[in-house]
$ cat start19.txt   # compact mmCIF, N, CA and C atoms
# COMPACT_ATOMS: atom_id res chain seq x y z
N MET W 802 92.89 97.71 83.84
CA MET W 802 94.14 97.22 84.39
C MET W 802 95.18 97.13 83.27
N LYS W 803 96.40 97.51 83.60
CA LYS W 803 97.49 97.44 82.63
C LYS W 803 97.80 95.98 82.29
N ARG W 804 98.28 95.76 81.09
CA ARG W 804 98.64 94.40 80.66
C ARG W 804 99.71 93.79 81.57
N ILE W 805 100.72 94.59 81.93
CA ILE W 805 101.80 94.07 82.79
C ILE W 805 101.27 93.72 84.18
N THR W 806 100.30 94.48 84.66
CA THR W 806 99.67 94.16 85.94
C THR W 806 98.97 92.82 85.84
N ARG W 807 98.24 92.64 84.76
CA ARG W 807 97.53 91.38 84.54
C ARG W 807 98.51 90.20 84.51
N ASP W 808 99.68 90.41 83.91
CA ASP W 808 100.70 89.36 83.88
C ASP W 808 101.17 89.00 85.30
N TRP W 809 101.40 90.04 86.13
CA TRP W 809 101.80 89.78 87.52
C TRP W 809 100.71 89.02 88.26
N VAL W 810 99.46 89.41 88.06
CA VAL W 810 98.33 88.74 88.73
C VAL W 810 98.25 87.28 88.29
N GLN W 811 98.42 87.02 87.00
CA GLN W 811 98.37 85.64 86.52
C GLN W 811 99.47 84.78 87.14
N LYS W 812 100.67 85.35 87.26
CA LYS W 812 101.77 84.61 87.89
C LYS W 812 101.45 84.34 89.37
N ALA W 813 100.90 85.35 90.03
CA ALA W 813 100.54 85.19 91.44
C ALA W 813 99.49 84.10 91.62
N GLU W 814 98.50 84.09 90.74
CA GLU W 814 97.45 83.09 90.83
C GLU W 814 97.97 81.69 90.53
N THR W 815 98.90 81.59 89.60
CA THR W 815 99.50 80.29 89.30
C THR W 815 100.24 79.75 90.52
N ASP W 816 100.98 80.62 91.19
CA ASP W 816 101.68 80.18 92.40
C ASP W 816 100.70 79.71 93.48
N LEU W 817 99.62 80.47 93.66
CA LEU W 817 98.64 80.09 94.68
C LEU W 817 97.93 78.79 94.32
N ARG W 818 97.53 78.65 93.07
CA ARG W 818 96.89 77.38 92.65
C ARG W 818 97.85 76.21 92.80
N GLY W 819 99.12 76.43 92.49
CA GLY W 819 100.12 75.37 92.67
C GLY W 819 100.22 74.95 94.11
N ALA W 820 100.26 75.92 95.01
CA ALA W 820 100.32 75.61 96.45
C ALA W 820 99.09 74.83 96.88
N GLN W 821 97.93 75.23 96.39
CA GLN W 821 96.69 74.54 96.76
C GLN W 821 96.68 73.10 96.25
N LYS W 822 97.22 72.87 95.08
CA LYS W 822 97.26 71.51 94.53
C LYS W 822 98.27 70.63 95.25
N LEU W 823 99.37 71.23 95.65
CA LEU W 823 100.42 70.47 96.34
C LEU W 823 100.06 70.14 97.79
N ALA W 824 99.25 70.98 98.41
CA ALA W 824 98.98 70.87 99.85
C ALA W 824 98.50 69.49 100.29
N PRO W 825 97.55 68.87 99.60
CA PRO W 825 97.08 67.56 100.08
C PRO W 825 97.93 66.38 99.60
N GLY W 826 98.96 66.65 98.83
CA GLY W 826 99.75 65.58 98.22
C GLY W 826 100.52 64.72 99.21
N ARG W 827 100.85 63.54 98.74
CA ARG W 827 101.66 62.60 99.51
C ARG W 827 102.83 62.20 98.63
N PRO W 828 104.04 62.20 99.11
CA PRO W 828 104.41 62.65 100.45
C PRO W 828 104.21 64.16 100.58
N PRO W 829 104.07 64.64 101.82
CA PRO W 829 103.84 66.07 102.02
C PRO W 829 104.99 66.91 101.46
N MET W 830 104.62 68.05 100.89
CA MET W 830 105.61 68.99 100.36
C MET W 830 105.37 70.37 100.99
N HIS W 831 105.38 70.40 102.31
CA HIS W 831 105.06 71.63 103.04
C HIS W 831 106.01 72.77 102.69
N ASP W 832 107.29 72.47 102.49
CA ASP W 832 108.25 73.53 102.14
C ASP W 832 107.85 74.20 100.83
N LEU W 833 107.50 73.40 99.85
CA LEU W 833 107.14 73.94 98.54
C LEU W 833 105.81 74.69 98.59
N VAL W 834 104.87 74.20 99.36
CA VAL W 834 103.59 74.90 99.55
C VAL W 834 103.85 76.29 100.13
N CYS W 835 104.67 76.34 101.18
CA CYS W 835 104.98 77.62 101.82
C CYS W 835 105.70 78.56 100.88
N PHE W 836 106.66 78.04 100.11
CA PHE W 836 107.39 78.88 99.16
C PHE W 836 106.44 79.45 98.10
N CYS W 837 105.57 78.61 97.55
CA CYS W 837 104.63 79.09 96.54
C CYS W 837 103.67 80.14 97.11
N CYS W 838 103.28 79.99 98.36
CA CYS W 838 102.42 80.99 98.99
C CYS W 838 103.15 82.31 99.14
N GLN W 839 104.41 82.27 99.54
CA GLN W 839 105.20 83.50 99.66
C GLN W 839 105.33 84.16 98.30
N GLN W 840 105.61 83.37 97.29
CA GLN W 840 105.78 83.91 95.95
C GLN W 840 104.47 84.54 95.43
N SER W 841 103.36 83.90 95.71
CA SER W 841 102.07 84.44 95.30
C SER W 841 101.83 85.81 95.95
N ALA W 842 102.06 85.89 97.24
CA ALA W 842 101.86 87.16 97.95
C ALA W 842 102.79 88.24 97.39
N GLU W 843 104.04 87.88 97.16
CA GLU W 843 105.00 88.85 96.61
C GLU W 843 104.54 89.37 95.25
N LYS W 844 104.08 88.49 94.40
CA LYS W 844 103.66 88.90 93.06
C LYS W 844 102.38 89.72 93.08
N TYR W 845 101.47 89.42 94.00
CA TYR W 845 100.27 90.25 94.13
C TYR W 845 100.63 91.66 94.57
N LEU W 846 101.50 91.79 95.56
CA LEU W 846 101.91 93.12 96.01
C LEU W 846 102.61 93.88 94.89
N LYS W 847 103.45 93.20 94.15
CA LYS W 847 104.14 93.85 93.04
C LYS W 847 103.17 94.23 91.92
N ALA W 848 102.12 93.45 91.74
CA ALA W 848 101.09 93.80 90.75
C ALA W 848 100.44 95.13 91.10
N VAL W 849 100.15 95.33 92.37
CA VAL W 849 99.54 96.58 92.80
C VAL W 849 100.51 97.74 92.58
N LEU W 850 101.78 97.51 92.90
CA LEU W 850 102.79 98.55 92.67
C LEU W 850 102.88 98.91 91.18
N VAL W 851 102.87 97.91 90.32
CA VAL W 851 102.91 98.14 88.87
C VAL W 851 101.71 98.96 88.43
N GLU W 852 100.55 98.60 88.93
CA GLU W 852 99.33 99.31 88.54
C GLU W 852 99.38 100.78 88.98
N LEU W 853 100.05 101.03 90.10
CA LEU W 853 100.22 102.41 90.58
C LEU W 853 101.30 103.17 89.81
N GLY W 854 102.02 102.46 88.95
CA GLY W 854 103.09 103.09 88.17
C GLY W 854 104.39 103.23 88.95
N ARG W 855 104.54 102.44 89.98
CA ARG W 855 105.74 102.50 90.82
C ARG W 855 106.80 101.53 90.33
N ASN W 856 108.03 101.82 90.67
CA ASN W 856 109.12 100.90 90.40
C ASN W 856 108.98 99.67 91.30
N ILE W 857 109.38 98.54 90.77
CA ILE W 857 109.31 97.29 91.52
C ILE W 857 110.68 97.02 92.12
N PRO W 858 110.80 97.09 93.44
CA PRO W 858 112.11 96.79 94.03
C PRO W 858 112.43 95.31 93.92
N ARG W 859 113.71 95.01 93.79
CA ARG W 859 114.15 93.61 93.74
C ARG W 859 114.32 93.12 95.16
N THR W 860 113.23 92.68 95.73
CA THR W 860 113.24 92.20 97.11
C THR W 860 112.19 91.12 97.28
N HIS W 861 112.44 90.26 98.25
CA HIS W 861 111.44 89.27 98.64
C HIS W 861 110.79 89.68 99.95
N ASN W 862 111.19 90.84 100.49
CA ASN W 862 110.68 91.28 101.78
C ASN W 862 109.27 91.85 101.61
N LEU W 863 108.31 91.05 101.99
CA LEU W 863 106.90 91.41 101.82
C LEU W 863 106.51 92.61 102.67
N GLU W 864 107.13 92.73 103.81
CA GLU W 864 106.82 93.87 104.68
C GLU W 864 107.28 95.19 104.03
N ASP W 865 108.42 95.15 103.37
CA ASP W 865 108.89 96.34 102.65
C ASP W 865 107.95 96.69 101.50
N LEU W 866 107.49 95.68 100.77
CA LEU W 866 106.55 95.92 99.66
C LEU W 866 105.25 96.51 100.19
N LEU W 867 104.76 95.97 101.29
CA LEU W 867 103.55 96.50 101.89
C LEU W 867 103.73 97.97 102.26
N GLY W 868 104.88 98.31 102.83
CA GLY W 868 105.15 99.69 103.22
C GLY W 868 105.04 100.65 102.05
N LEU W 869 105.38 100.19 100.86
CA LEU W 869 105.28 101.04 99.67
C LEU W 869 103.84 101.28 99.24
N LEU W 870 102.93 100.45 99.73
CA LEU W 870 101.52 100.54 99.32
C LEU W 870 100.63 101.23 100.34
N LEU W 871 101.09 101.36 101.58
CA LEU W 871 100.21 101.84 102.65
C LEU W 871 99.75 103.28 102.47
N THR W 872 100.53 104.12 101.82
CA THR W 872 100.09 105.49 101.59
C THR W 872 98.82 105.51 100.73
N ASP W 873 98.77 104.66 99.73
CA ASP W 873 97.62 104.59 98.83
C ASP W 873 96.51 103.70 99.36
N TYR W 874 96.88 102.65 100.07
CA TYR W 874 95.91 101.66 100.54
C TYR W 874 96.17 101.32 102.01
N PRO W 875 95.86 102.24 102.92
CA PRO W 875 96.15 102.00 104.34
C PRO W 875 95.45 100.78 104.92
N HIS W 876 94.33 100.38 104.34
CA HIS W 876 93.61 99.21 104.85
C HIS W 876 94.40 97.91 104.65
N LEU W 877 95.40 97.91 103.78
CA LEU W 877 96.22 96.71 103.59
C LEU W 877 97.10 96.41 104.80
N LYS W 878 97.17 97.34 105.73
CA LYS W 878 97.97 97.12 106.95
C LYS W 878 97.54 95.85 107.68
N LYS W 879 96.29 95.47 107.52
CA LYS W 879 95.78 94.27 108.17
C LYS W 879 96.51 92.99 107.71
N LEU W 880 97.24 93.09 106.60
CA LEU W 880 97.98 91.93 106.08
C LEU W 880 99.38 91.81 106.69
N ARG W 881 99.83 92.81 107.42
CA ARG W 881 101.21 92.86 107.89
C ARG W 881 101.62 91.58 108.64
N ARG W 882 100.82 91.13 109.58
CA ARG W 882 101.19 89.95 110.37
C ARG W 882 101.40 88.72 109.47
N GLY W 883 100.52 88.53 108.51
CA GLY W 883 100.65 87.40 107.61
C GLY W 883 101.84 87.52 106.67
N LEU W 884 102.10 88.74 106.22
CA LEU W 884 103.25 88.95 105.34
C LEU W 884 104.55 88.70 106.08
N LYS W 885 104.60 89.13 107.35
CA LYS W 885 105.79 88.85 108.16
C LYS W 885 105.99 87.34 108.32
N PHE W 886 104.89 86.61 108.46
CA PHE W 886 104.94 85.16 108.57
C PHE W 886 105.47 84.54 107.27
N LEU W 887 104.98 85.02 106.14
CA LEU W 887 105.35 84.44 104.84
C LEU W 887 106.79 84.73 104.44
N ILE W 888 107.37 85.81 104.94
CA ILE W 888 108.73 86.19 104.56
C ILE W 888 109.72 85.04 104.77
N GLN W 889 109.53 84.28 105.84
CA GLN W 889 110.49 83.22 106.16
C GLN W 889 110.59 82.14 105.09
N PHE W 890 109.61 82.09 104.20
CA PHE W 890 109.59 81.04 103.18
C PHE W 890 110.18 81.49 101.84
N ALA W 891 110.63 82.73 101.77
CA ALA W 891 111.16 83.26 100.50
C ALA W 891 112.46 82.59 100.09
N VAL W 892 113.33 82.33 101.03
CA VAL W 892 114.64 81.76 100.71
C VAL W 892 114.88 80.47 101.47
N GLU W 893 114.74 80.51 102.79
CA GLU W 893 115.10 79.36 103.63
C GLU W 893 114.39 78.08 103.24
N ALA W 894 113.13 78.19 102.83
CA ALA W 894 112.34 77.00 102.51
C ALA W 894 112.87 76.22 101.32
N ARG W 895 113.76 76.83 100.56
CA ARG W 895 114.29 76.18 99.35
C ARG W 895 115.57 75.40 99.60
N TYR W 896 116.08 75.44 100.82
CA TYR W 896 117.38 74.85 101.08
C TYR W 896 117.34 73.83 102.21
N PRO W 897 118.32 72.91 102.22
CA PRO W 897 118.39 71.92 103.28
C PRO W 897 118.46 72.58 104.66
N GLY W 898 117.90 71.89 105.62
CA GLY W 898 117.92 72.38 106.99
C GLY W 898 116.62 73.03 107.41
N PHE W 899 115.79 73.38 106.45
CA PHE W 899 114.50 73.98 106.77
C PHE W 899 113.42 72.96 106.48
N HIS W 900 112.49 72.81 107.41
CA HIS W 900 111.39 71.87 107.22
C HIS W 900 110.10 72.51 107.73
N ALA W 901 109.26 72.94 106.81
CA ALA W 901 107.97 73.53 107.20
C ALA W 901 107.06 72.42 107.73
N THR W 902 106.21 72.80 108.63
CA THR W 902 105.26 71.86 109.20
C THR W 902 103.93 71.93 108.45
N LYS W 903 103.09 70.97 108.73
CA LYS W 903 101.75 70.96 108.15
C LYS W 903 100.99 72.21 108.59
N ALA W 904 101.15 72.60 109.85
CA ALA W 904 100.47 73.80 110.37
C ALA W 904 100.98 75.06 109.67
N GLN W 905 102.28 75.13 109.42
CA GLN W 905 102.83 76.29 108.71
C GLN W 905 102.29 76.35 107.28
N ALA W 906 102.20 75.20 106.63
CA ALA W 906 101.67 75.17 105.26
C ALA W 906 100.21 75.62 105.23
N ALA W 907 99.44 75.18 106.21
CA ALA W 907 98.03 75.60 106.28
C ALA W 907 97.92 77.10 106.52
N ALA W 908 98.75 77.63 107.41
CA ALA W 908 98.73 79.07 107.68
C ALA W 908 99.19 79.86 106.47
N ALA W 909 100.20 79.36 105.77
CA ALA W 909 100.69 80.03 104.57
C ALA W 909 99.59 80.10 103.51
N LEU W 910 98.84 79.04 103.34
CA LEU W 910 97.72 79.03 102.39
C LEU W 910 96.66 80.06 102.78
N ARG W 911 96.35 80.13 104.07
CA ARG W 911 95.35 81.10 104.52
C ARG W 911 95.80 82.53 104.24
N TRP W 912 97.06 82.83 104.61
CA TRP W 912 97.56 84.19 104.41
C TRP W 912 97.69 84.53 102.92
N ALA W 913 98.14 83.60 102.12
CA ALA W 913 98.24 83.86 100.68
C ALA W 913 96.85 84.13 100.10
N GLY W 914 95.86 83.41 100.59
CA GLY W 914 94.48 83.65 100.15
C GLY W 914 93.99 85.03 100.53
N ARG W 915 94.35 85.48 101.72
CA ARG W 915 93.94 86.82 102.16
C ARG W 915 94.61 87.90 101.31
N VAL W 916 95.88 87.68 100.99
CA VAL W 916 96.60 88.64 100.14
C VAL W 916 95.95 88.65 98.76
N ASN W 917 95.64 87.47 98.24
CA ASN W 917 94.93 87.34 96.96
C ASN W 917 93.67 88.19 96.97
N ASP W 918 92.83 87.97 97.97
CA ASP W 918 91.55 88.68 98.04
C ASP W 918 91.75 90.19 98.11
N ALA W 919 92.62 90.63 99.01
CA ALA W 919 92.83 92.07 99.22
C ALA W 919 93.39 92.75 97.98
N CYS W 920 94.36 92.14 97.33
CA CYS W 920 94.97 92.76 96.16
C CYS W 920 94.03 92.76 94.96
N ARG W 921 93.28 91.70 94.79
CA ARG W 921 92.33 91.66 93.68
C ARG W 921 91.25 92.72 93.85
N ILE W 922 90.83 92.96 95.08
CA ILE W 922 89.83 94.00 95.34
C ILE W 922 90.43 95.37 95.02
N VAL W 923 91.67 95.61 95.48
CA VAL W 923 92.35 96.88 95.20
C VAL W 923 92.46 97.10 93.69
N LEU W 924 92.73 96.03 92.97
CA LEU W 924 92.89 96.11 91.52
C LEU W 924 91.55 96.13 90.78
N GLY W 925 90.46 95.97 91.53
CA GLY W 925 89.14 96.04 90.93
C GLY W 925 88.70 94.80 90.19
N VAL W 926 89.29 93.66 90.56
CA VAL W 926 88.92 92.42 89.87
C VAL W 926 88.27 91.39 90.80
N GLY W 927 88.09 91.71 92.08
CA GLY W 927 87.43 90.80 93.00
C GLY W 927 88.20 89.52 93.23
N SER W 928 87.67 88.67 94.08
CA SER W 928 88.32 87.41 94.42
C SER W 928 88.10 86.40 93.30
N ARG W 929 89.13 85.59 93.01
CA ARG W 929 88.99 84.64 91.91
C ARG W 929 89.50 83.25 92.24
N VAL W 930 90.67 83.13 92.83
CA VAL W 930 91.24 81.81 93.08
C VAL W 930 90.38 81.09 94.11
N GLN W 931 89.92 79.91 93.76
CA GLN W 931 89.09 79.14 94.66
C GLN W 931 89.90 78.59 95.81
N ARG W 932 89.30 78.61 96.98
CA ARG W 932 89.97 78.11 98.17
C ARG W 932 89.75 76.61 98.29
N ARG W 933 90.78 75.94 98.75
CA ARG W 933 90.70 74.52 99.06
C ARG W 933 90.93 74.36 100.54
N LYS W 934 90.52 73.24 101.05
CA LYS W 934 90.78 72.98 102.46
C LYS W 934 92.28 72.90 102.70
N SER W 935 92.68 73.37 103.86
CA SER W 935 94.10 73.33 104.24
C SER W 935 94.55 71.89 104.40
N PRO W 936 95.89 71.67 104.26
CA PRO W 936 96.40 70.30 104.38
C PRO W 936 96.21 69.76 105.77

$ encode --input "start19.txt" --output "structure tokens"
Amino acid sequence: MKRITRDWVQKAETDLRGAQKLAPGRPPMHDLVCFCCQQSAEKYLKAVLVELGRNIPRTHNLEDLLGLLLTDYPHLKKLRRGLKFLIQFAVEARYPGFHATKAQAAAALRWAGRVNDACRIVLGVGSRVQRRKSP
């Protein structure tokens, strides 16, 4: 694996671990959990693109990033529904007026975990981030 790919994976894992640590906290921080999950998924997808030698588009649209990978990894299509779900947390979750629910935070953690697993397998490093119970 390229060094830059490893850097992207480390950032993605940090975001996922952060979300997992925040999830059971009081007071609840569902918005931040969801945002960290979206960021983790985005960075994992970009890690795969880097490893393929592709340019990294400046976008938070996970569905667009997935589209760039499907030619090489068609089995990643199974992540589409979850990535579409996570997209909503890229920007809106950081601003007033948006309030993620406990159920959304739990779903975001599940989908981020699935992206983690799928991308690590594609990169040949297997699953690593330990799963915690959902909030």

$ atom_distance --input "start19.txt" --atom1 "atom CA of W:Ile805" --atom2 "atom CA of W:Arg881"
25.1 Å

$ axis_aligned_box --input "start19.txt" --around "stretch 894-912 of chain W" --padding-each-side "5 Å" --output "lines of an AutoDock Vina configuration file"
center_x = 106.9
center_y = 77.7
center_z = 104.9
size_x = 33.1
size_y = 23.6
size_z = 21.0

$ closest_residue --input "start19.txt" --among "W:Trp809, W:Phe890, W:Tyr845, W:Tyr874" --to "W:Asp832" --atoms "only N, CA and C atoms"
W:Phe890

$ residues_around --input "start19.txt" --residues "W:Ala848" --least-positions-apart "4" --cutoff "7 Å" --atoms "all atoms listed in the file" --output "mmCIF file with N, CA and C atoms, keeping the file's coordinate frame"
data_model
loop_
_atom_site.group_PDB
_atom_site.id
_atom_site.type_symbol
_atom_site.label_atom_id
_atom_site.label_comp_id
_atom_site.auth_asym_id
_atom_site.auth_seq_id
_atom_site.Cartn_x
_atom_site.Cartn_y
_atom_site.Cartn_z
ATOM 1 N N ILE W 805 100.720 94.590 81.930
ATOM 2 C CA ILE W 805 101.800 94.070 82.790
ATOM 3 C C ILE W 805 101.270 93.720 84.180
ATOM 4 N N THR W 806 100.300 94.480 84.660
ATOM 5 C CA THR W 806 99.670 94.160 85.940
ATOM 6 C C THR W 806 98.970 92.820 85.840
ATOM 7 N N ARG W 807 98.240 92.640 84.760
ATOM 8 C CA ARG W 807 97.530 91.380 84.540
ATOM 9 C C ARG W 807 98.510 90.200 84.510
ATOM 10 N N TRP W 809 101.400 90.040 86.130
ATOM 11 C CA TRP W 809 101.800 89.780 87.520
ATOM 12 C C TRP W 809 100.710 89.020 88.260
ATOM 13 N N VAL W 810 99.460 89.410 88.060
ATOM 14 C CA VAL W 810 98.330 88.740 88.730
ATOM 15 C C VAL W 810 98.250 87.280 88.290
ATOM 16 N N GLU W 843 104.040 87.880 97.160
ATOM 17 C CA GLU W 843 105.000 88.850 96.610
ATOM 18 C C GLU W 843 104.540 89.370 95.250
ATOM 19 N N LYS W 844 104.080 88.490 94.400
ATOM 20 C CA LYS W 844 103.660 88.900 93.060
ATOM 21 C C LYS W 844 102.380 89.720 93.080
ATOM 22 N N GLU W 852 100.550 98.600 88.930
ATOM 23 C CA GLU W 852 99.330 99.310 88.540
ATOM 24 C C GLU W 852 99.380 100.780 88.980
ATOM 25 N N LEU W 853 100.050 101.030 90.100
ATOM 26 C CA LEU W 853 100.220 102.410 90.580
ATOM 27 C C LEU W 853 101.300 103.170 89.810
#

$ residues_around --input "start19.txt" --residues "W:Gly868" --least-positions-apart "5" --cutoff "12 Å" --atoms "only C-alpha atoms" --output "list of chain:residue names"
W:Leu846, W:Lys847, W:Leu850, W:Pro858, W:Asn862, W:Leu863, W:Asp873, W:Tyr874, W:Pro875, W:His876, W:Leu877, W:Lys878, W:Lys879, W:Leu880, W:Arg881, W:Leu884, W:Lys885

$ closest_residue --input "start19.txt" --among "W:Ala842, W:Leu823, W:Ala891, W:Cys837" --to "W:Leu867" --atoms "only C-alpha atoms"
W:Ala842

$ closest_residue --input "start19.txt" --among "W:Ile922, W:Leu887, W:Val892, W:Ala907" --to "W:Pro825" --atoms "only C-alpha atoms"
W:Ala907

$ closest_residue --input "start19.txt" --among "W:Ala913, W:Leu870, W:Cys920, W:Ile888" --to "W:Ser841" --atoms "only N, CA and C atoms"
W:Ala913

$ atom_distance --input "start19.txt" --atom1 "atom C of W:Asp918" --atom2 "atom CA of W:Leu817"
12.7 Å

$ atom_distance --input "start19.txt" --atom1 "atom N of W:Arg855" --atom2 "atom N of W:Thr872"
12.6 Å

$ closest_residue --input "start19.txt" --among "W:Ala909, W:Leu871, W:Leu924, W:Val916" --to "W:Ala824" --atoms "only C-alpha atoms"
W:Ala909

$ residues_around --input "start19.txt" --residues "stretch 828-831 of chain W" --least-positions-apart "2" --cutoff "7 Å" --atoms "only N, CA and C atoms" --output "list in words"
Leu823, Ala824, Pro825, Gly826, Leu833, Val834, Cys835, Phe836, His900, Ala901, Thr902, Lys903, Gln905 and Ala906 of chain W

$ closest_residue --input "start19.txt" --among "W:Val923, W:Gln889, W:Arg827, W:Ala813" --to "W:Val849" --atoms "only N, CA and C atoms"
W:Val923

$ select_by_dssp --input "start19.txt" --residues "stretch 806-936 of chain W" --states "alpha helix (DSSP H)" --output "JSON, numbers by chain"
{"W": [806, 807, 808, 809, 810, 811, 812, 813, 814, 815, 816, 817, 818, 819, 820, 821, 822, 823, 831, 832, 833, 834, 835, 836, 837, 838, 839, 840, 841, 842, 843, 844, 845, 846, 847, 848, 849, 850, 851, 852, 863, 864, 865, 866, 867, 868, 869, 870, 881, 882, 883, 884, 885, 886, 887, 888, 903, 904, 905, 906, 907, 908, 909, 910, 911, 912, 913, 914, 915, 916, 917, 918, 919, 920, 921, 922, 923]}
